[in-house]
Each structure stands twice: as C-alpha cells, then as structure tokens.
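Undergrad: I have a structure I would like to understand better, so I am pasting it below and will then ask my questions one at a time.
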Amino acid sequence: MSDFEKAKRDAADAAANSDQLAEIVALLKAQQVVQQQPPATAPATPQSTGGAAKWIGIGVGGSIFLVAFALAAVATAITAVGLTICVLVLRGMWQDIKPK
C-alpha cells in the first residue's frame, strides 16, 4: 500500500472519528439538558390572564435556545474537523523529519 493510499485511508478514518465526536458531544449536551433538575415548587399564586404574551415569550425563548444549541453543535463540529486536519498535518511533518 502506497503512502498516498495510507494517508487517504487515515484521513477518511479521522473524518469518521470527527463525525462520531460531534455526535457524542451533541448527545452529552442533550443529556445535560434532560437531566437538569426541576426548580423547587413555589407557593400557589393566582394565575394571570395574559396568556398570549406568555406564549409568545415562551416561543421566542425556546427559539433562541434552539438556535444557540445548533450554533454550539456547529462550532464543535468545526473544531473537531480543524483539530483532525492539524493532527494529520503534524503527523505528516513528523514522518517527514523522523530518521528512517
């Protein structure tokens, strides 16, 4: 197997590992969100009648949360790909300067 084919196989393996790493990070973040403990119950208070404003606020807050979560996942994936490329370049440089 030539060095080029071996490098190509290593790059494909690294890309697959990066994808798996991004999925694992997203799964861990989702588990953290799910495992958050509910807040302590407050004493009973009379309910307000301003229902529309409350639901609009919940919708906006949820949307902002989902966009932030998506951006965090994209940033994690970009970081993983950049790290993989860096490691592959450094490995290639190390093999070039290593005595044979």
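If you're wondering about the labels, chains in the structure tokens are A, B, ... by order shown, residues count from 1 in each chain, ligands from 1 in order shown.
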Would you pick out the contacts of A:Lys29 at 10 Å or less, using only C-alpha atoms, so that residues sharing its chain but fewer than 5 positions from it are not included, and give the list as a PyMOL selection string?

TA: chain A and resi 23-24+34-35+69+72-73

Undergrad: Could you write those residues out with C-alpha atoms, as an mmCIF file, in the first residue's frame?

TA:
```
data_model
loop_
_atom_site.group_PDB
_atom_site.id
_atom_site.type_symbol
_atom_site.label_atom_id
_atom_site.label_comp_id
_atom_site.auth_asym_id
_atom_site.auth_seq_id
_atom_site.Cartn_x
_atom_site.Cartn_y
_atom_site.Cartn_z
ATOM 1 C CA GLU A 23 -22.408 13.257 17.641
ATOM 2 C CA ILE A 24 -21.122 12.267 21.086
ATOM 3 C CA VAL A 34 -32.683 16.469 30.029
ATOM 4 C CA GLN A 35 -31.065 15.722 33.387
ATOM 5 C CA PHE A 69 -27.718 24.883 20.723
ATOM 6 C CA ALA A 72 -22.766 25.223 19.617
ATOM 7 C CA ALA A 73 -23.062 21.939 17.720
#
```

Undergrad: DSSP on the backbone: what in chain A comes out helix (DSSP H, G or I), as a VMD selection string?

TA: chain A and resid 3 to 34 51 to 97

Undergrad: Provide the atom CA of A:Gly82 to atom CA of A:Ala16 distance in Å, to one decimal place.

TA: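 Taking atom CA of A:Gly82 and atom CA of A:Ala16, their separation equals 13.4 Å.
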
Undergrad: So that I can check the surroundings of A:Val87, please list as a PDB file with N, CA, C and O atoms, in the first residue's frame every protein, DNA and RNA residue that reaches within 10 Å of it, counting only C-alpha atoms and ignoring chain neighbours fewer than 6 positions away.

TA:
```
ATOM      1  N   ALA A  14     -10.051   9.589  10.155  1.00  0.00           N
ATOM      2  CA  ALA A  14     -10.087  10.770  11.012  1.00  0.00           C
ATOM      3  C   ALA A  14     -11.393  11.537  10.819  1.00  0.00           C
ATOM      4  O   ALA A  14     -11.973  12.036  11.784  1.00  0.00           O
ATOM      5  N   VAL A  81     -13.123  19.090  13.126  1.00  0.00           N
ATOM      6  CA  VAL A  81     -12.525  18.968  11.791  1.00  0.00           C
ATOM      7  C   VAL A  81     -11.180  19.691  11.752  1.00  0.00           C
ATOM      8  O   VAL A  81     -10.187  19.172  11.226  1.00  0.00           O
ATOM      9  N   MET A  93       4.231  15.830   8.940  1.00  0.00           N
ATOM     10  CA  MET A  93       5.511  16.516   9.144  1.00  0.00           C
ATOM     11  C   MET A  93       6.445  15.684   9.995  1.00  0.00           C
ATOM     12  O   MET A  93       7.647  15.613   9.721  1.00  0.00           O
TER      13      MET A  93
END
```

Undergrad: For atom CA of A:Ala22 and atom CA of A:Thr76, determine how far apart the two atoms are, in Å to one decimal place.

TA: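 Here the two named atoms are 6.3 Å from each other.
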
Undergrad: Which residue is closest to A:Ala77? Choose from A:Leu90, A:Ala15, A:Ile58, A:Leu28 and count only C-alpha atoms.

TA: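 Nearest to A:Ala77: A:Ala15.
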
Undergrad: So how many Å separate atom CA of A:Val33 and atom CA of A:Val60, to one decimal?

TA: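 Those two atoms sit 18.2 Å apart.
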
Undergrad: I need the residue nearest A:Ala30 from this list: A:Ile97, A:Gly92, A:Gly61, A:Leu66. Use only C-alpha atoms for the distance.

TA: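 Nearest candidate to A:Ala30 out of A:Ile97, A:Gly92, A:Gly61, A:Leu66: A:Leu66.
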